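Student: Following this message is one structure expressed as structure tokens.
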Number of protein chains: 2
Amino acid sequence: MYADRVAVKGRRSGRGRGRAAGGRRARAAGAAARGRRVTLKDVAAALGVAPSTVSNAYNRPDQLSAELRERILATAEAMGYQGPDPAARSLRRGVSNAIGVVYPSELSYAFTDPAAALFIEGIALEAEQAGYALMLIGTPPRDEASLAPVRTANVDGVVVHCFADGDPHFDEVLARGLPAVMVDNTGVDGVPHVAIDDEGGAREAAAHLLRRGHRRLGVISMDLALDARRGVAGPERVAAASYAAVRARLAGYRAAAEAAGLDWERDVVVYECPENVPEEGARAAAALLELLPRPAGILAMSDQLAFGALAHAQEAGLAVPDEVAVVGFDDLPSARRTTPPLTTVHQPTVEKGRWAARLLIAQLRGERAEGSVVLPTHLVVRESA
Amino acid sequence: MYADRVAVKGRRSGRGRGRAAGGRRARAAGAAARGRRVTLKDVAAALGVAPSTVSNAYNRPDQLSAELRERILATAEAMGYQGPDPAARSLRRGVSNAIGVVYPSELSYAFTDPAAALFIEGIALEAEQAGYALMLIGTPPRDEASLAPVRTANVDGVVVHCFADGDPHFDEVLARGLPAVMVDNTGVDGVPHVAIDDEGGAREAAAHLLRRGHRRLGVISMDLALDARRGVAGPERVAAASYAAVRARLAGYRAAAEAAGLDWERDVVVYECPENVPEEGARAAAALLELLPRPAGILAMSDQLAFGALAHAQEAGLAVPDEVAVVGFDDLPSARRTTPPLTTVHQPTVEKGRWAARLLIAQLRGERAEGSVVLPTHLVVRESA
DNA sequence: CTGAAAGCGCTTACAG
DNA sequence: CTGAAAGCGCTTACAG
């Protein structure tokens with residue numbers, strides 16, 4: 001893609017893998033290695049001690065004298081021993097010291113929303129403190145012939161985020177039988193769950209708009225089902241939304257609309273965006289603002305979509321909030337920097353990640369697990385509505 | 001933290017790990033399992049076939065009849081067999097199907113900059129397509145007694161991002177002897193490297209400001225060394241910056257300043273921020289704008305810092321760009337939404353991640369590896385300067 | 001197309 | 001404080 005704009009300096013043949021039959025990367029190091037990889041056994045043999053003693057030098061410093069330990073570590077280094085092989089260690093111990101974060105569809109999709117990064121930040125915060133690495137696992141289109149990444153990933157447990165009901169990958173993840181925590185999903189019996197008050201936040205957002213006199217609302221929605229579409233969604237599709245969080249937000253919008261005396265199907269139009277990016281939000285806003293009567297109050301289901309709506313308004317020369325009012329959802333850090341600053345529903349995204357990790361780690365430790373956790377949301381009123 | 005604002009629904013004892021001595025999670029499933037975990041061997045025994053045949057059913061569908069394969073898979077499922085154990089598989093095959101992304105310091109720090117998320121998105125894009133999962137590995141403060149995460153993580157190779165020269169973790173990563181790719185680091189012999197044209201981008205940024213007549217510049221810098229500090233940095237500290245990318249950007253600023261006849265030490269003041277967040281940028285801007293003569297041209301070394309500078313200007317009632325001009329670095333998606341929209345140096349962040357992953361995957365496949373790659377940057381002129 | 005055998009590299013009770 | 005033994009669960013040539 002960038003080939004023509006890229007400077008490639010130097011060029012040498014790769015080091016290859018140098019794999020002996022059935023072995024791992026071979027290393028040319030130490031006397032013990034004749035093309036073979038140096039193992040713990042080699043180190044033990046070189047020193048005339050038992051393998052278990054070398055193992056203890058790494059894993060249980062208190063089991064041997066500091067002096068012997070030093071000698072072992074020094075010899076190991078001199079021989080080019082890399083330390084205990086993670087796979088062997090993991091097989092033997094029955095533990096990998098990694099937790100998995102499973103996302104629907106392609107992995108990269110997890111990053112198109114900045115909120116996802118904040119969520120993972122939260123997981124990382126807790127995981128690292130507890131000594132776990134983080135494995136990001138996608139669920140790309142299935143290939144019958146090979147094992148799905150979710151089946152081959154060596155993790156002690158998983159955080160499962162934002163799956164659509166009925167997504168076949170979902171069952172596959174659960175089938176693995178690993179300790180798990182769900183986030184923003186439809187609940188599954190026996191699996192701890194972390195969510196936010198989607199409905200309450202959405203209700204507040206809509207109520208805010210309605211209080212200002214809007215009698216017709218446009219909703220810019222994230223995708224409503226696995227077959228993501230673009231355009232105004234009919235009542236059946238809206239009612240059957242496959243994502244728990246989307247469903248809850250729609251329910252909140254609806255509750256507020258009906259409380260204000262609006263008719264949900266007549267006065268509120270829902271536009272579905274196939275991807276959660278500003279460009280789609282802009283398209284949606286453009287389409288909504290052409291309707292008659294015009295919905296001058298816009299409820300975007302994410303800040304990303306709201307950013308697009310704001311950009312469209314600016315481009316179309318519409319004054320915000322006077323000609324169009326926009327409310328987002330998420331309260332990304334950048335929401336306060338838009339023009340005008342975005343009124344939006346705040347959710348504690350980092351904290352959501354922390355809770356998910358905590359609940360998972362508690363399970364891994366065999367501790368009593370909390371049940372489901374619902375974190376609060378609240379409307380942050382800035383200037384876009 | 002949120003305890004008082006959180007609703008906890010339900011509460012039951014965790015499922016624990018149910019581990020048999022030396023074993024993994026026990027499963028109550030199928031006739032074969034008496035408190036023991038179901039293994040491939042159990043499935044083979046139940047069907048009266050060899051373990052290798054069951055293995056082939058999962059790994060080499062072409063090695064057995066479709067009918068037998070179906071029978072095996074069905075029996076496996078009925079018995080509650082989860083599929084080949086990842087650790088055992090990894091040990092036997094010598095491969096983990098995961099690539100690691102190693103960050104300096106705490107893992108969560110990788111996410112405080114949105115650019116990091118974009119970078120990882122790029123890695124994810126390539127990794128997933130090639131069938132790899134992504135392992136995020138932090139380098140938290142060392143604990144002598146236990147193995148660093150980077151040593152226990154079972155990955156086939158690593159992308160090493162943004163380490164300071166002399167960071168002890170750096171050697172530890174390399175010592176593992178895994179195939180590696182460096183990104184935005186000081187180069188290491190024999191290790192492919194991906195970088196961007198930091199110096200060129202910085203030079204353009206500074207030249208743009210100088211062209212508009214500024215004779216005194218303020219630089220808002222990311223941390224200059226492992227002992228991150230806050231405040232104006234002396235010339236020695238500036239000259240000795242530990243991060244390759246920071247050094248290159250400073251060099252670019254300097255080259256432009258000197259080309260315009262400025263004296264680097266007298267006319268350009270460098271303010272160091274200990275963290276790459278908007279709040280620090282705001283503090284830095286506040287401090288810089290109090291200096292006399294006032295540096296009304298500000299070069300922020302990241303968009304995050306520039307966002308803070310913009311926020312400070314707004315708060316202080318300073319007109320941008322007339323009273324203060326600000327140029328960022330990164331061109332985050334949200335840079336176009338600030339007030340006023342941010343003039344900044346664009347770097348192809350996602351593409352940087354893709355290149356890093358490609359170079360690593362090429363090595364893993366034993367393909368000839370490219371040498372170092374330098375991606376272009378360019379100034380995007382918006383309204384803040 | 002199927003099976004018996006060997007071994008990947010380590011850690012853990014346990015006995016001394 | 002040290003060592004011998006057993007075994008974690010799987011995959012891979014290889015022979016039939």
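Naming works like this for the structure tokens: A, B, ... for the chains as they're shown, residue 1 at the start of each chain, ligands 1 onward in shown order.
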Give me, as JSON lines, the closest atom pair and its distance (Å, one decimal) for every residue of chain C within a cut-off of 10 Å of segment 2-12 of chain D, counting only C-alpha atoms (C1' of nucleotides), rows sorted by chain and rising number.

Tutor:
{"residue": "C:DA6", "atom": "C1'", "partner": "D:DT12", "partner_atom": "C1'", "distance": 9.4}
{"residue": "C:DG7", "atom": "C1'", "partner": "D:DT12", "partner_atom": "C1'", "distance": 9.9}
{"residue": "C:DC8", "atom": "C1'", "partner": "D:DC10", "partner_atom": "C1'", "distance": 9.0}
{"residue": "C:DC10", "atom": "C1'", "partner": "D:DC8", "partner_atom": "C1'", "distance": 9.0}
{"residue": "C:DT11", "atom": "C1'", "partner": "D:DC8", "partner_atom": "C1'", "distance": 9.3}
{"residue": "C:DT12", "atom": "C1'", "partner": "D:DA6", "partner_atom": "C1'", "distance": 9.4}
{"residue": "C:DC14", "atom": "C1'", "partner": "D:DA5", "partner_atom": "C1'", "distance": 9.6}
{"residue": "C:DA15", "atom": "C1'", "partner": "D:DG3", "partner_atom": "C1'", "distance": 9.3}
{"residue": "C:DG16", "atom": "C1'", "partner": "D:DT2", "partner_atom": "C1'", "distance": 8.7}

Student: Could you save the residues just selected, with C-alpha atoms (C1' of nucleotides), as a compact mmCIF listing (two decimals), in the first residue's frame?

Tutor:
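again09.txt, written as the output of this step:
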# COMPACT_ATOMS: atom_id res chain seq x y z
C1' DA C 6 8.73 -41.51 21.11
C1' DG C 7 9.35 -37.27 23.09
C1' DC C 8 8.46 -31.86 23.36
C1' DC C 10 9.22 -28.68 32.42
C1' DT C 11 7.46 -28.93 37.76
C1' DT C 12 5.90 -31.30 41.65
C1' DC C 14 8.19 -37.00 47.89
C1' DA C 15 12.09 -39.23 49.97
C1' DG C 16 16.48 -38.52 51.65

Student: Pick out the chain B residues within 10 Å of chain C. Count only C-alpha atoms (C1' of nucleotides). Give them as an mmCIF file with C-alpha atoms, in the first residue's frame.

Tutor:
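Output contents, as saved in selection34.cif:
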data_model
loop_
_atom_site.group_PDB
_atom_site.id
_atom_site.type_symbol
_atom_site.label_atom_id
_atom_site.label_comp_id
_atom_site.auth_asym_id
_atom_site.auth_seq_id
_atom_site.Cartn_x
_atom_site.Cartn_y
_atom_site.Cartn_z
ATOM 1 C CA ALA B 21 -3.096 -32.558 41.590
ATOM 2 C CA GLY B 22 -0.918 -31.402 38.738
ATOM 3 C CA VAL B 49 -9.115 -45.527 17.620
ATOM 4 C CA ALA B 50 -5.574 -44.294 18.112
ATOM 5 C CA PRO B 51 -4.920 -40.914 19.692
ATOM 6 C CA SER B 52 -3.177 -39.883 16.527
ATOM 7 C CA THR B 53 -6.390 -40.355 14.632
ATOM 8 C CA ASP B 62 -7.444 -34.753 4.966
ATOM 9 C CA GLN B 63 -5.809 -37.622 6.809
ATOM 10 C CA LEU B 64 -9.008 -39.467 7.553
ATOM 11 C CA SER B 65 -12.413 -40.071 6.079
ATOM 12 C CA ALA B 88 0.406 -29.296 25.089
ATOM 13 C CA ARG B 89 -0.080 -28.464 21.451
ATOM 14 C CA SER B 90 2.262 -25.542 21.748
ATOM 15 C CA LEU B 91 4.915 -27.578 23.530
ATOM 16 C CA ARG B 92 4.746 -30.355 21.004
ATOM 17 C CA ARG B 93 4.656 -28.140 17.946
ATOM 18 C CA GLY B 94 7.123 -25.574 19.170
#

Student: Would you kindly return, as a ChimeraX atom specification, each protein, DNA or RNA residue with an atom no farther than 8 Å from any atom of Ala356 of chain A, considering only C-alpha atoms (C1' of nucleotides) and excluding same-chain residues fewer than 3 positions away?

Tutor: /A:123,159,181-183,193-194,352-353,359-360

Student: Quick one: residues within 7 Å of Thr338 of chain B, only C-alpha atoms (C1' of nucleotides) counted, chain neighbours fewer than 2 positions away excluded, as a list in words?

Tutor: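 In the requested form, the answer reads Arg337, Thr338 and Thr339 of chain A; Ser334, Ala335, Arg336, Pro340, Pro341 and Leu342 of chain B.
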
Student: Output C-alpha atoms of each residue in that selection to a file, as an mmCIF file, in the first residue's frame.

Tutor:
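What landed in out_38.cif:
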data_model
loop_
_atom_site.group_PDB
_atom_site.id
_atom_site.type_symbol
_atom_site.label_atom_id
_atom_site.label_comp_id
_atom_site.auth_asym_id
_atom_site.auth_seq_id
_atom_site.Cartn_x
_atom_site.Cartn_y
_atom_site.Cartn_z
ATOM 1 C CA ARG A 337 -12.976 19.125 22.486
ATOM 2 C CA THR A 338 -15.556 19.097 19.718
ATOM 3 C CA THR A 339 -17.165 22.219 18.317
ATOM 4 C CA SER B 334 -9.807 13.749 16.881
ATOM 5 C CA ALA B 335 -7.262 16.400 15.849
ATOM 6 C CA ARG B 336 -9.680 17.647 13.225
ATOM 7 C CA PRO B 340 -9.733 25.404 16.269
ATOM 8 C CA PRO B 341 -8.855 22.265 14.289
ATOM 9 C CA LEU B 342 -5.284 21.261 15.033
#

Student: Give me, as a PyMOL selection string, all polymer residues having an atom no more than 6 Å from segment 278-280 of chain B, counting only C-alpha atoms (C1' of nucleotides) and skipping those fewer than 4 positions away in the same chain.

Tutor: chain B and resi 273+304-305+307-308

Student: What separation in Å, quoted to one decimal, exists between atom CA of Pro235 of chain B and atom CA of Ala260 of chain B?

Tutor: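 Separation between atom CA of Pro235 of chain B and atom CA of Ala260 of chain B: 19.7 Å.
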
Student: Could you give me the residues within segment 168-202 of chain B that DSSP places in alpha helix (DSSP H), as a PDB file with C-alpha atoms, in the first residue's frame?

Tutor:
ATOM      1  CA  PRO B 168      16.913  -2.777  31.538  1.00  0.00           C
ATOM      2  CA  HIS B 169      13.732  -4.464  30.360  1.00  0.00           C
ATOM      3  CA  PHE B 170      14.922  -3.969  26.862  1.00  0.00           C
ATOM      4  CA  ASP B 171      17.798  -6.393  27.280  1.00  0.00           C
ATOM      5  CA  GLU B 172      15.533  -8.846  28.962  1.00  0.00           C
ATOM      6  CA  VAL B 173      13.259  -8.894  25.964  1.00  0.00           C
ATOM      7  CA  LEU B 174      16.108  -9.377  23.568  1.00  0.00           C
ATOM      8  CA  ALA B 175      17.684 -12.003  25.807  1.00  0.00           C
ATOM      9  CA  ASP B 198      10.199  11.946  12.983  1.00  0.00           C
ATOM     10  CA  GLU B 199      12.856  14.448  12.147  1.00  0.00           C
ATOM     11  CA  GLY B 200      11.360  15.466   8.814  1.00  0.00           C
ATOM     12  CA  GLY B 201       7.918  15.877  10.298  1.00  0.00           C
ATOM     13  CA  ALA B 202       9.221  17.944  13.179  1.00  0.00           C
TER      14      ALA B 202
END

Student: If you count only C-alpha atoms (C1' of nucleotides), which residues fall within 6 Å of segment 95-110 of chain B, apart from same-chain ones fewer than 6 positions away, as a list of chain:residue names?

Tutor: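 In the requested format, the answer is A:Glu121, A:Ala124, A:Leu125, B:Ala116, B:Tyr132, B:Ala133, B:Leu134, B:Met135, B:Leu136, B:Ile137, B:Gly138, B:Thr139, B:Pro140, B:Val155, B:Asp156, B:Gly157, B:Val158, B:Val159, B:Val160, B:His161, B:Phe163.
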
Student: Would you mind exporting the chosen residues as a PDB file, in the first residue's frame, restricted to N, CA and C atoms?

Tutor:
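Saved as again-v1.pdb:
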ATOM      1  N   GLU A 121      -7.692  -0.812  28.473  1.00  0.00           N
ATOM      2  CA  GLU A 121      -6.787  -0.198  29.454  1.00  0.00           C
ATOM      3  C   GLU A 121      -7.170  -0.624  30.868  1.00  0.00           C
ATOM      4  N   ALA A 124      -6.138  -4.140  31.418  1.00  0.00           N
ATOM      5  CA  ALA A 124      -4.680  -4.212  31.526  1.00  0.00           C
ATOM      6  C   ALA A 124      -4.217  -3.802  32.915  1.00  0.00           C
ATOM      7  N   LEU A 125      -4.836  -2.771  33.434  1.00  0.00           N
ATOM      8  CA  LEU A 125      -4.475  -2.254  34.752  1.00  0.00           C
ATOM      9  C   LEU A 125      -4.557  -3.347  35.817  1.00  0.00           C
TER      10      LEU A 125
ATOM     11  N   ALA B 116      -1.417   4.777  20.383  1.00  0.00           N
ATOM     12  CA  ALA B 116      -1.019   3.405  20.673  1.00  0.00           C
ATOM     13  C   ALA B 116      -2.105   2.430  20.230  1.00  0.00           C
ATOM     14  N   TYR B 132      -2.622 -15.330  13.817  1.00  0.00           N
ATOM     15  CA  TYR B 132      -2.029 -15.149  15.133  1.00  0.00           C
ATOM     16  C   TYR B 132      -2.940 -14.383  16.078  1.00  0.00           C
ATOM     17  N   ALA B 133      -2.868 -14.740  17.336  1.00  0.00           N
ATOM     18  CA  ALA B 133      -3.491 -13.904  18.364  1.00  0.00           C
ATOM     19  C   ALA B 133      -2.443 -12.905  18.815  1.00  0.00           C
ATOM     20  N   LEU B 134      -2.885 -11.927  19.594  1.00  0.00           N
ATOM     21  CA  LEU B 134      -1.995 -10.849  20.005  1.00  0.00           C
ATOM     22  C   LEU B 134      -1.822 -10.873  21.511  1.00  0.00           C
ATOM     23  N   MET B 135      -0.585 -10.928  21.958  1.00  0.00           N
ATOM     24  CA  MET B 135      -0.346 -10.912  23.391  1.00  0.00           C
ATOM     25  C   MET B 135       0.231  -9.570  23.774  1.00  0.00           C
ATOM     26  N   LEU B 136      -0.425  -8.888  24.682  1.00  0.00           N
ATOM     27  CA  LEU B 136       0.074  -7.605  25.167  1.00  0.00           C
ATOM     28  C   LEU B 136       0.897  -7.842  26.422  1.00  0.00           C
ATOM     29  N   ILE B 137       2.125  -7.423  26.379  1.00  0.00           N
ATOM     30  CA  ILE B 137       3.031  -7.709  27.482  1.00  0.00           C
ATOM     31  C   ILE B 137       3.615  -6.425  28.035  1.00  0.00           C
ATOM     32  N   GLY B 138       3.407  -6.199  29.309  1.00  0.00           N
ATOM     33  CA  GLY B 138       3.974  -5.014  29.940  1.00  0.00           C
ATOM     34  C   GLY B 138       5.288  -5.362  30.613  1.00  0.00           C
ATOM     35  N   THR B 139       5.973  -4.358  31.065  1.00  0.00           N
ATOM     36  CA  THR B 139       7.208  -4.590  31.807  1.00  0.00           C
ATOM     37  C   THR B 139       7.115  -3.822  33.111  1.00  0.00           C
ATOM     38  N   PRO B 140       6.296  -4.313  34.014  1.00  0.00           N
ATOM     39  CA  PRO B 140       6.111  -3.621  35.295  1.00  0.00           C
ATOM     40  C   PRO B 140       7.393  -3.693  36.107  1.00  0.00           C
ATOM     41  N   VAL B 155       4.940 -16.757  23.279  1.00  0.00           N
ATOM     42  CA  VAL B 155       4.718 -16.123  21.982  1.00  0.00           C
ATOM     43  C   VAL B 155       5.804 -16.551  21.002  1.00  0.00           C
ATOM     44  N   ASP B 156       5.491 -16.434  19.738  1.00  0.00           N
ATOM     45  CA  ASP B 156       6.457 -16.851  18.714  1.00  0.00           C
ATOM     46  C   ASP B 156       7.414 -15.738  18.318  1.00  0.00           C
ATOM     47  N   GLY B 157       7.059 -14.517  18.675  1.00  0.00           N
ATOM     48  CA  GLY B 157       7.910 -13.386  18.341  1.00  0.00           C
ATOM     49  C   GLY B 157       7.346 -12.139  18.987  1.00  0.00           C
ATOM     50  N   VAL B 158       8.116 -11.071  18.973  1.00  0.00           N
ATOM     51  CA  VAL B 158       7.656  -9.858  19.646  1.00  0.00           C
ATOM     52  C   VAL B 158       7.875  -8.589  18.835  1.00  0.00           C
ATOM     53  N   VAL B 159       6.944  -7.668  19.002  1.00  0.00           N
ATOM     54  CA  VAL B 159       7.111  -6.311  18.510  1.00  0.00           C
ATOM     55  C   VAL B 159       7.452  -5.465  19.734  1.00  0.00           C
ATOM     56  N   VAL B 160       8.559  -4.793  19.671  1.00  0.00           N
ATOM     57  CA  VAL B 160       9.033  -4.033  20.823  1.00  0.00           C
ATOM     58  C   VAL B 160       8.886  -2.554  20.516  1.00  0.00           C
ATOM     59  N   HIS B 161       8.142  -1.871  21.339  1.00  0.00           N
ATOM     60  CA  HIS B 161       7.729  -0.512  21.014  1.00  0.00           C
ATOM     61  C   HIS B 161       8.269   0.519  21.979  1.00  0.00           C
ATOM     62  N   PHE B 163      10.981   1.820  23.537  1.00  0.00           N
ATOM     63  CA  PHE B 163      11.746   1.735  24.766  1.00  0.00           C
ATOM     64  C   PHE B 163      12.771   2.862  24.846  1.00  0.00           C
TER      65      PHE B 163
END

Student: Just give me the gap between atom CA of Asn154 of chain A and atom CA of Pro86 of chain B in Å, one decimal is fine.

Tutor: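 Computed distance, atom CA of Asn154 of chain A to atom CA of Pro86 of chain B, equals 5.1 Å.
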
Student: Please extract the residues of segment 143-323 of chain A with a backbone DSSP assignment of strand (DSSP E or B) and present them as a compact mmCIF listing (two decimals) with C-alpha atoms, in the first residue's frame.

Tutor:
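Wrote it out as result-v4.txt, contents follow:
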# COMPACT_ATOMS: atom_id res chain seq x y z
CA GLY A 157 -9.84 -17.28 31.34
CA VAL A 158 -11.62 -14.88 29.04
CA VAL A 159 -13.42 -11.57 29.03
CA VAL A 160 -16.08 -11.71 26.37
CA HIS A 161 -17.15 -8.37 25.03
CA ALA A 180 -15.29 -16.25 31.82
CA VAL A 181 -16.75 -12.82 32.36
CA MET A 182 -19.21 -11.22 29.98
CA VAL A 183 -19.30 -7.51 29.30
CA HIS A 193 -21.48 -10.10 33.93
CA VAL A 194 -20.40 -6.48 33.80
CA ALA A 195 -22.58 -3.87 32.21
CA ILE A 196 -23.43 -0.24 32.49
CA LEU A 217 -36.21 12.65 17.38
CA GLY A 218 -33.66 10.96 15.23
CA VAL A 219 -31.63 8.09 16.63
CA ILE A 220 -28.27 7.27 15.08
CA SER A 221 -27.81 3.66 16.03
CA GLY A 231 -30.35 3.21 6.60
CA VAL A 232 -33.58 3.82 8.43
CA VAL A 268 -38.74 8.67 16.54
CA VAL A 269 -36.83 7.45 13.54
CA VAL A 270 -33.93 5.07 13.97
CA TYR A 271 -31.10 5.14 11.46
CA GLU A 272 -28.74 2.17 11.55
CA GLY A 297 -33.02 16.42 18.13
CA ILE A 298 -30.46 13.71 17.44
CA LEU A 299 -29.56 10.88 19.78
CA ALA A 300 -26.31 9.24 18.73

Student: Calculate how many Å separate atom CA of Asp42 of chain A from atom CA of Pro84 of chain A, rounding to one decimal.

Tutor: 11.9 Å
